[in-house]
>>> print(open('structure_13.csv').read())   # CSV, C-alpha atoms
chain,number,residue,atom,x,y,z
A,1397,MET,CA,7.0,-30.8,-18.8
A,1398,THR,CA,9.2,-30.5,-21.9
A,1399,LEU,CA,9.0,-27.3,-23.8
A,1400,GLN,CA,10.0,-26.7,-27.4
A,1401,LEU,CA,11.7,-23.6,-28.8
A,1402,ASP,CA,11.5,-22.7,-32.5
A,1403,ASP,CA,13.2,-19.7,-34.2
A,1404,ASN,CA,12.0,-18.5,-37.6
A,1405,GLY,CA,14.4,-15.6,-37.8
A,1406,THR,CA,12.1,-12.9,-36.5
A,1407,ALA,CA,10.3,-14.6,-33.6
A,1408,LEU,CA,10.8,-17.4,-31.0
A,1409,SER,CA,7.9,-19.7,-30.5
A,1410,ILE,CA,7.6,-21.6,-27.2
A,1411,THR,CA,5.3,-24.6,-27.2
A,1412,GLU,CA,4.1,-27.3,-24.8
A,1413,GLY,CA,3.0,-30.2,-27.0
A,1414,ASP,CA,0.7,-28.7,-29.7
A,1415,LEU,CA,0.0,-25.5,-27.7
A,1416,GLU,CA,2.0,-22.3,-28.3
A,1417,LEU,CA,2.3,-20.7,-24.9
A,1418,LEU,CA,3.9,-17.6,-26.2
A,1419,ARG,CA,5.7,-16.0,-29.1
A,1420,TYR,CA,8.6,-13.6,-28.6
A,1421,VAL,CA,8.9,-11.3,-31.6
A,1422,TYR,CA,12.5,-9.9,-31.5
A,1423,ARG,CA,12.5,-8.3,-35.0
A,1424,PRO,CA,9.2,-6.4,-35.2
A,1425,ASP,CA,8.1,-4.7,-38.4
A,1426,ASN,CA,6.2,-1.9,-36.7
A,1427,ASP,CA,6.3,1.8,-37.8
A,1428,GLN,CA,8.8,4.1,-36.0
A,1429,PHE,CA,5.8,5.9,-34.3
A,1430,GLU,CA,5.1,2.7,-32.4
A,1431,SER,CA,8.7,2.5,-31.1
A,1432,PRO,CA,9.7,-0.9,-32.6
A,1433,ARG,CA,10.8,-3.2,-29.8
A,1434,PRO,CA,10.6,-6.9,-28.9
A,1435,TYR,CA,7.4,-8.1,-27.4
A,1436,PHE,CA,5.7,-11.3,-26.1
A,1437,GLU,CA,2.5,-11.9,-28.2
A,1438,PRO,CA,0.4,-13.9,-28.2
A,1439,LEU,CA,0.4,-15.4,-24.7
A,1440,ARG,CA,-2.0,-18.2,-23.8
A,1441,ASP,CA,-2.9,-20.1,-20.6
A,1442,LEU,CA,-2.5,-23.9,-20.5
A,1443,ALA,CA,-6.1,-24.3,-21.5
A,1444,GLY,CA,-5.3,-22.5,-24.8
A,1445,HIS,CA,-7.1,-19.2,-24.0
A,1446,GLN,CA,-5.3,-16.1,-25.2
A,1447,VAL,CA,-4.4,-13.6,-22.4
A,1448,SER,CA,-2.9,-10.8,-24.4
A,1449,LEU,CA,-3.7,-8.2,-27.1
A,1450,TYR,CA,-1.7,-7.0,-30.0
A,1451,ARG,CA,-1.8,-3.4,-31.4
A,1452,PRO,CA,-5.3,-2.3,-30.2
A,1453,HIS,CA,-6.8,0.6,-32.1
A,1454,ASP,CA,-6.8,2.9,-29.1
A,1455,HIS,CA,-3.1,2.5,-28.4
A,1456,VAL,CA,-1.4,0.8,-31.4
A,1457,TRP,CA,2.0,0.7,-29.6
A,1458,HIS,CA,0.6,-1.7,-26.9
A,1459,LYS,CA,1.7,-5.2,-27.8
A,1460,GLY,CA,1.1,-8.1,-25.5
A,1461,ILE,CA,3.9,-7.8,-22.9
A,1462,ALA,CA,6.8,-5.6,-23.7
A,1463,LEU,CA,9.5,-3.6,-22.0
A,1464,SER,CA,8.3,0.0,-22.8
A,1465,LEU,CA,9.5,3.3,-21.4
A,1466,PRO,CA,7.8,6.5,-22.4
A,1467,ASN,CA,10.1,9.1,-20.7
A,1468,ALA,CA,13.8,8.3,-21.0
A,1469,GLY,CA,15.2,11.8,-20.8
A,1470,PRO,CA,14.4,13.4,-24.2
A,1471,GLU,CA,13.6,10.0,-25.8
A,1472,ASN,CA,10.5,7.8,-26.0
A,1473,PHE,CA,10.8,4.0,-26.1
A,1474,TRP,CA,7.1,3.5,-25.6
A,1475,GLY,CA,5.6,4.7,-28.8
A,1476,GLY,CA,3.2,7.5,-29.7
A,1477,ARG,CA,3.3,11.0,-28.4
A,1478,THR,CA,5.4,12.1,-25.4
A,1479,PHE,CA,3.8,13.8,-22.4
A,1480,ARG,CA,5.6,17.0,-21.4
A,1481,ARG,CA,4.8,19.3,-18.5
A,1482,GLY,CA,2.7,22.3,-19.6
A,1483,LYS,CA,2.3,20.9,-23.1
A,1484,GLY,CA,0.4,17.6,-22.8
A,1485,TYR,CA,1.1,14.9,-25.4
A,1486,VAL,CA,3.2,16.2,-28.2
A,1487,ASP,CA,4.7,14.4,-31.2
A,1488,GLU,CA,8.5,15.1,-30.8
A,1489,LYS,CA,9.7,12.6,-33.5
A,1490,ASN,CA,11.5,10.9,-30.7
A,1491,ASP,CA,10.2,7.3,-30.8
A,1492,GLY,CA,13.2,5.2,-30.5
A,1493,ALA,CA,13.7,1.4,-31.1
A,1494,MET,CA,15.1,-1.5,-29.1
A,1495,VAL,CA,17.1,-3.4,-31.6
A,1496,HIS,CA,18.0,-7.1,-31.3
A,1497,ARG,CA,21.6,-7.8,-31.9
A,1498,GLU,CA,22.2,-11.4,-30.9
A,1499,PHE,CA,21.0,-14.2,-28.7
A,1500,THR,CA,23.7,-15.4,-26.3
A,1501,GLU,CA,21.7,-18.4,-25.0
A,1502,LEU,CA,18.8,-20.4,-26.4
A,1503,THR,CA,18.0,-23.6,-24.5
A,1504,ALA,CA,14.9,-25.8,-24.1
A,1505,GLY,CA,14.1,-29.0,-22.4
A,1506,GLU,CA,12.4,-30.5,-19.4
A,1507,GLY,CA,13.5,-27.7,-17.2
A,1508,GLY,CA,11.9,-25.1,-19.4
A,1509,VAL,CA,13.2,-22.5,-21.9
A,1510,LYS,CA,16.0,-20.0,-21.2
A,1511,VAL,CA,16.9,-17.1,-23.5
A,1512,ALA,CA,19.6,-14.4,-23.2
A,1513,GLU,CA,19.8,-11.5,-25.6
A,1514,ARG,CA,21.8,-8.4,-26.4
A,1515,LEU,CA,20.1,-5.3,-27.7
A,1516,ASP,CA,20.8,-1.7,-28.5
A,1517,TRP,CA,18.4,1.2,-27.9
A,1518,VAL,CA,18.6,3.5,-30.9
A,1519,THR,CA,16.9,7.0,-31.1
A,1520,GLU,CA,14.6,7.9,-34.0
A,1521,ASP,CA,17.4,10.0,-35.5
A,1522,GLY,CA,19.7,7.0,-35.4
A,1523,ARG,CA,21.9,7.6,-32.3
A,1524,HIS,CA,23.0,4.8,-30.1
A,1525,PHE,CA,21.4,5.5,-26.7
A,1526,PHE,CA,21.5,2.5,-24.3
A,1527,ALA,CA,23.0,-1.0,-24.4
A,1528,GLU,CA,20.8,-3.8,-22.9
A,1529,GLN,CA,21.4,-7.3,-21.7
A,1530,ARG,CA,18.1,-9.2,-21.4
A,1531,ALA,CA,17.1,-12.7,-20.3
A,1532,PHE,CA,13.9,-14.6,-19.9
A,1533,ALA,CA,12.7,-18.1,-19.0
A,1534,VAL,CA,9.5,-20.0,-19.4
A,1535,THR,CA,8.6,-22.9,-17.0
A,1536,VAL,CA,5.5,-25.0,-16.6
A,1537,LEU,CA,4.8,-25.5,-12.9
A,1538,ALA,CA,1.5,-27.5,-13.0
A,1539,ASP,CA,-1.3,-28.5,-15.3
A,1540,ASP,CA,-2.8,-25.0,-14.9
A,1541,THR,CA,0.2,-22.7,-14.3
A,1542,TRP,CA,3.2,-21.5,-16.2
A,1543,VAL,CA,5.6,-18.7,-15.5
A,1544,LEU,CA,7.5,-16.1,-17.6
A,1545,SER,CA,10.5,-14.7,-15.8
A,1546,PHE,CA,12.1,-11.6,-17.2
A,1547,SER,CA,15.3,-9.6,-16.5
A,1548,THR,CA,16.8,-6.6,-18.1
A,1549,ALA,CA,19.9,-4.5,-17.4
A,1550,PHE,CA,20.2,-1.3,-19.6
A,1551,THR,CA,23.2,1.0,-19.5
A,1552,ASN,CA,23.4,4.7,-20.3
A,1553,ASP,CA,25.9,5.0,-23.2
A,1554,THR,CA,25.3,8.7,-23.8
A,1555,GLN,CA,27.5,11.5,-22.4
A,1556,ASP,CA,24.5,13.0,-20.6
A,1557,THR,CA,22.6,12.2,-17.4
A,1558,VAL,CA,19.3,10.7,-18.6
A,1559,ILE,CA,16.3,11.3,-16.3
A,1560,MET,CA,14.0,8.2,-16.3
A,1561,GLY,CA,10.4,9.1,-15.5
A,1562,SER,CA,6.8,8.8,-16.7
A,1563,PRO,CA,3.9,11.1,-17.7
A,1564,THR,CA,3.2,11.4,-14.0
A,1565,THR,CA,6.6,12.8,-13.2
A,1566,GLU,CA,5.8,15.3,-16.1
A,1567,GLY,CA,2.6,16.3,-14.4
A,1568,ARG,CA,-0.1,14.0,-15.5
A,1569,GLU,CA,-1.8,12.4,-12.5
A,1570,ASN,CA,-2.1,8.6,-12.3
A,1571,ALA,CA,-0.3,8.0,-15.5
A,1572,GLY,CA,2.9,6.6,-14.1
A,1573,TYR,CA,3.2,3.8,-16.7
A,1574,GLY,CA,6.5,2.5,-18.0
A,1575,GLY,CA,8.3,-0.8,-17.6
A,1576,PHE,CA,7.2,-4.4,-18.0
A,1577,PHE,CA,3.8,-3.5,-19.5
A,1578,TRP,CA,0.9,-6.0,-20.3
A,1579,ARG,CA,-2.2,-5.3,-22.3
A,1580,GLY,CA,-5.1,-7.7,-21.8
A,1581,PRO,CA,-7.8,-8.9,-24.2
A,1582,ARG,CA,-10.9,-6.8,-24.7
A,1583,SER,CA,-12.9,-9.4,-22.8
A,1584,PHE,CA,-10.8,-8.7,-19.7
A,1585,THR,CA,-12.2,-5.2,-19.4
A,1586,GLU,CA,-13.8,-4.7,-16.0
A,1587,GLY,CA,-11.8,-7.7,-14.7
A,1588,ARG,CA,-10.8,-7.9,-11.0
A,1589,VAL,CA,-7.5,-6.9,-9.5
A,1590,TYR,CA,-6.0,-8.9,-6.6
A,1591,THR,CA,-3.4,-7.7,-4.1
A,1592,ALA,CA,-2.1,-8.8,-0.8
A,1593,ASP,CA,-4.7,-6.6,0.9
A,1594,GLY,CA,-7.7,-7.8,-1.0
A,1595,GLU,CA,-9.3,-7.1,-4.4
A,1596,GLY,CA,-10.7,-4.2,-6.4
A,1597,GLY,CA,-10.5,-2.4,-9.7
A,1598,ASP,CA,-9.3,0.9,-11.0
A,1599,GLU,CA,-9.1,2.4,-7.5
A,1600,LEU,CA,-5.9,0.3,-7.0
A,1601,MET,CA,-4.0,2.5,-9.4
A,1602,GLY,CA,-0.7,3.4,-7.7
A,1603,VAL,CA,-0.9,0.8,-4.9
A,1604,ARG,CA,2.5,-0.5,-3.7
A,1605,GLY,CA,3.3,-4.2,-3.3
A,1606,ASP,CA,5.5,-7.1,-4.2
A,1607,TRP,CA,2.8,-8.5,-6.5
A,1608,LEU,CA,-0.5,-7.8,-8.2
A,1609,ALA,CA,-2.9,-10.1,-10.1
A,1610,PHE,CA,-5.5,-9.5,-12.7
A,1611,ARG,CA,-8.4,-11.9,-13.4
A,1612,GLY,CA,-10.2,-11.7,-16.7
A,1613,ALA,CA,-13.1,-13.5,-18.5
A,1614,HIS,CA,-13.0,-15.0,-22.0
A,1615,ASP,CA,-15.6,-14.6,-24.7
A,1616,SER,CA,-17.3,-17.6,-26.2
A,1617,VAL,CA,-16.3,-20.0,-23.4
A,1618,ASP,CA,-17.2,-20.1,-19.7
A,1619,ALA,CA,-13.6,-19.5,-18.6
A,1620,HIS,CA,-11.4,-17.2,-16.7
A,1621,SER,CA,-7.6,-16.7,-16.5
A,1622,THR,CA,-5.5,-15.0,-13.8
A,1623,LEU,CA,-2.2,-13.3,-14.5
A,1624,VAL,CA,0.0,-12.7,-11.4
A,1625,PHE,CA,2.8,-10.2,-11.8
A,1626,THR,CA,5.7,-9.9,-9.4
A,1627,ASP,CA,8.3,-7.2,-8.7
A,1628,HIS,CA,11.8,-8.1,-7.5
A,1629,PRO,CA,12.7,-6.6,-4.1
A,1630,GLU,CA,16.0,-5.1,-5.5
A,1631,ASN,CA,14.3,-3.2,-8.3
A,1632,PRO,CA,14.4,0.6,-8.1
A,1633,GLY,CA,11.7,2.0,-5.8
A,1634,ALA,CA,10.7,-1.4,-4.4
A,1635,PRO,CA,8.0,-2.2,-3.3
A,1636,VAL,CA,6.9,-0.9,-6.7
A,1637,LYS,CA,3.9,1.3,-7.4
A,1638,TRP,CA,1.6,-0.5,-9.8
A,1639,PHE,CA,0.0,1.0,-12.9
A,1640,VAL,CA,-3.2,-1.0,-13.3
A,1641,ARG,CA,-6.5,-0.5,-15.2
A,1642,SER,CA,-9.6,-2.6,-15.6
A,1643,THR,CA,-11.4,0.1,-17.5
A,1644,PRO,CA,-11.5,1.2,-20.3
A,1645,PHE,CA,-9.1,-1.7,-20.9
A,1646,ALA,CA,-7.1,-4.2,-19.0
A,1647,ALA,CA,-3.5,-3.3,-18.3
A,1648,VAL,CA,-0.8,-4.0,-15.7
A,1649,CYS,CA,2.7,-2.6,-15.3
A,1650,PRO,CA,5.0,-2.6,-12.3
A,1651,ALA,CA,6.1,1.0,-12.8
A,1652,PRO,CA,9.5,1.8,-11.2
A,1653,PHE,CA,9.4,5.5,-12.3
A,1654,PHE,CA,5.6,6.0,-11.5
A,1655,ASP,CA,6.0,9.3,-9.7
A,1656,THR,CA,9.7,9.4,-8.9
A,1657,GLU,CA,12.4,10.3,-11.4
A,1658,LEU,CA,15.7,8.3,-11.5
A,1659,PRO,CA,18.7,10.1,-12.9
A,1660,MET,CA,21.1,7.8,-14.9
A,1661,ALA,CA,24.5,9.3,-15.1
A,1662,PRO,CA,26.7,8.2,-18.1
A,1663,GLY,CA,27.6,4.6,-17.6
A,1664,ASP,CA,24.9,3.9,-15.0
A,1665,THR,CA,22.9,0.7,-15.3
A,1666,VAL,CA,19.3,0.0,-14.3
A,1667,THR,CA,18.3,-3.6,-13.6
A,1668,LEU,CA,14.6,-4.6,-13.6
A,1669,ARG,CA,13.4,-8.1,-12.8
A,1670,HIS,CA,9.8,-9.3,-13.0
A,1671,ALA,CA,7.8,-12.5,-13.4
A,1672,VAL,CA,4.2,-13.3,-14.4
A,1673,ALA,CA,2.4,-16.5,-13.6
A,1674,VAL,CA,-0.3,-17.4,-16.1
A,1675,VAL,CA,-3.0,-19.5,-14.4
A,1676,ASN,CA,-6.1,-21.2,-15.7
A,1677,GLY,CA,-9.3,-20.0,-14.0
A,1678,ASP,CA,-9.9,-17.6,-11.1
A,1679,THR,CA,-7.3,-17.9,-8.4
A,1680,GLY,CA,-9.0,-15.6,-6.0
A,1681,THR,CA,-6.8,-13.6,-3.6
A,1682,GLU,CA,-5.3,-16.5,-1.8
A,1683,GLY,CA,-4.5,-18.4,-4.9
A,1684,ALA,CA,-2.9,-15.3,-6.5
A,1685,ALA,CA,-0.7,-15.0,-3.4
A,1686,LYS,CA,0.5,-18.6,-3.8
A,1687,ALA,CA,1.1,-18.1,-7.5
A,1688,ALA,CA,3.1,-15.0,-6.7
A,1689,GLU,CA,5.4,-17.0,-4.4
A,1690,LEU,CA,5.9,-19.6,-7.2
A,1691,ALA,CA,6.7,-16.8,-9.7
A,1692,ALA,CA,9.1,-15.1,-7.4
A,1693,ALA,CA,11.0,-18.4,-6.9
A,1694,GLU,CA,11.2,-18.9,-10.7
A,1695,LEU,CA,12.5,-15.3,-11.0
A,1696,ALA,CA,15.2,-16.0,-8.4
A,1697,ARG,CA,16.3,-19.0,-10.6
A,1698,LEU,CA,16.7,-16.7,-13.6
A,1699,GLY,CA,19.3,-14.7,-11.6
>>> encode(input="structure_13.csv", output="structure tokens")
Amino acid sequence: MTLQLDDNGTALSITEGDLELLRYVYRPDNDQFESPRPYFEPLRDLAGHQVSLYRPHDHVWHKGIALSLPNAGPENFWGGRTFRRGKGYVDEKNDGAMVHREFTELTAGEGGVKVAERLDWVTEDGRHFFAEQRAFAVTVLADDTWVLSFSTAFTNDTQDTVIMGSPTTEGRENAGYGGFFWRGPRSFTEGRVYTADGEGGDELMGVRGDWLAFRGAHDSVDAHSTLVFTDHPENPGAPVKWFVRSTPFAAVCPAPFFDTELPMAPGDTVTLRHAVAVVNGDTGTEGAAKAAELAAAELARLG
């Protein structure tokens, strides 16, 4: 299927026919406390049902799908307060931003959409921190399935070793979030989680695996959607530990620094690659596994 790509100067809109599959906001207007950074929102399945949530009242820094990292040494590129060992969540005025600099590729056609981008990570007090090269692709695989592939490589441009971690590495149990983070619609609360070993819910927090899927229900219509997330086998810590919640809200994040810190020396680069298949309906475990294979293949094409 042919996809269209439109740029209004602040966001890219990717459509299939009259349906907007997703919007990539690359110049957000959020407050500094929310760590302004590009995000994918809204996202919809091919039936037109929205499968993401923007700026929920409980965590205003959650925005659809976004690369978000809460513990990057002394800095926070997640938003909100920072969890510190022995102190809990504290407002350190350290909410940095991921700043769009330029697109180096924007293509669309029958093969899908491909975008490449250069960004700078800037601390709240205005210091250049990391340089990032990012790419993503959108492909429609069937009448009921499309895939978002995502790759990032960020480099430590400081003169110090930066310890990448999470609230869990700072002492908060089962709070290893950070990375390619998705927040689902309110109606997805108490949805089902699928893995290669079966299905469940919140008890799957911290499970390891190459993929994890989340099935949610939609209000007003008798419909479900399933999002199938994959982690690349060359990512740090693979097979990754998954941050996943079905209550009190729906969220999924392949979390490379869940409970293990990663020191980044000056000049070091971390590469993360993920994909998510957005599928109409309830795939079940077997269908989720098949969708994960398709998503992994699309991610391999992204490079």
>>> closest_residue(input="structure_13.csv", among="A:Thr1667, A:Asn1570, A:Ser1616, A:Gln1529", to="Arg1497 of chain A", atoms="all atoms listed in the file")
A:Gln1529
>>> atom_distance(input="structure_13.csv", atom1="atom CA of Ala1684 of chain A", atom2="atom CA of Leu1442 of chain A")
16.4 Å
>>> closest_residue(input="structure_13.csv", among="A:Glu1520, A:Thr1643, A:Asp1556, A:Leu1668", to="Glu1599 of chain A", atoms="only C-alpha atoms")
A:Thr1643
>>> atom_distance(input="structure_13.csv", atom1="atom CA of Ala1407 of chain A", atom2="atom CA of Ala1549 of chain A")
21.4 Å
>>> residues_near_point(input="structure_13.csv", point="(6.9, -14.3, -34.6)", cutoff="9 Å", atoms="only C-alpha atoms", output="PyMOL selection string")
chain A and resi 1403-1409+1419-1424+1437
>>> closest_residue(input="structure_13.csv", among="A:Arg1588, A:Arg1697, A:Lys1686, A:His1628", to="Val1640 of chain A", atoms="all atoms listed in the file")
A:Arg1588
>>> atom_distance(input="structure_13.csv", atom1="atom CA of Val1447 of chain A", atom2="atom CA of Glu1412 of chain A")
16.3 Å
>>> closest_residue(input="structure_13.csv", among="A:Trp1517, A:Trp1578, A:Trp1474, A:Phe1499", to="Phe1645 of chain A", atoms="all atoms listed in the file")
A:Trp1578
>>> residues_around(input="structure_13.csv", residues="Arg1568 of chain A", least_positions_apart="6", cutoff="9 Å", atoms="all atoms listed in the file", output="list in words")
Phe1479, Arg1480, Arg1481, Gly1484 and Ser1562 of chain A
>>> closest_residue(input="structure_13.csv", among="A:Gln1446, A:Thr1557, A:Thr1679, A:Thr1585", to="Pro1662 of chain A", atoms="all atoms listed in the file")
A:Thr1557
>>> closest_residue(input="structure_13.csv", among="A:Asp1655, A:Glu1430, A:Asp1441, A:Asp1487", to="Val1672 of chain A", atoms="only C-alpha atoms")
A:Asp1441
>>> residues_near_point(input="structure_13.csv", point="(-10.9, -10.3, -6.5)", cutoff="8 Å", atoms="only C-alpha atoms", output="list in words")
Arg1588, Val1589, Tyr1590, Gly1594, Glu1595, Gly1596, Arg1611, Gly1680 and Thr1681 of chain A
>>> residues_around(input="structure_13.csv", residues="Leu1623 of chain A", least_positions_apart="3", cutoff="12 Å", atoms="all atoms listed in the file", output="PyMOL selection string")
chain A and resi 1439-1441+1446-1448+1461+1540-1544+1578-1580+1584+1587-1591+1607-1613+1620+1626+1646-1649+1671-1681+1683-1685+1687-1688+1691
>>> residues_around(input="structure_13.csv", residues="Asp1414 of chain A", least_positions_apart="3", cutoff="12 Å", atoms="only C-alpha atoms", output="compact mmCIF listing (two decimals) with C-alpha atoms, in the coordinates of the input")
# COMPACT_ATOMS: atom_id res chain seq x y z
CA THR A 1398 9.20 -30.50 -21.90
CA LEU A 1399 9.00 -27.30 -23.80
CA GLN A 1400 10.00 -26.70 -27.40
CA SER A 1409 7.90 -19.70 -30.50
CA ILE A 1410 7.60 -21.60 -27.20
CA THR A 1411 5.30 -24.60 -27.20
CA LEU A 1417 2.30 -20.70 -24.90
CA LEU A 1442 -2.50 -23.90 -20.50
CA ALA A 1443 -6.10 -24.30 -21.50
CA GLY A 1444 -5.30 -22.50 -24.80
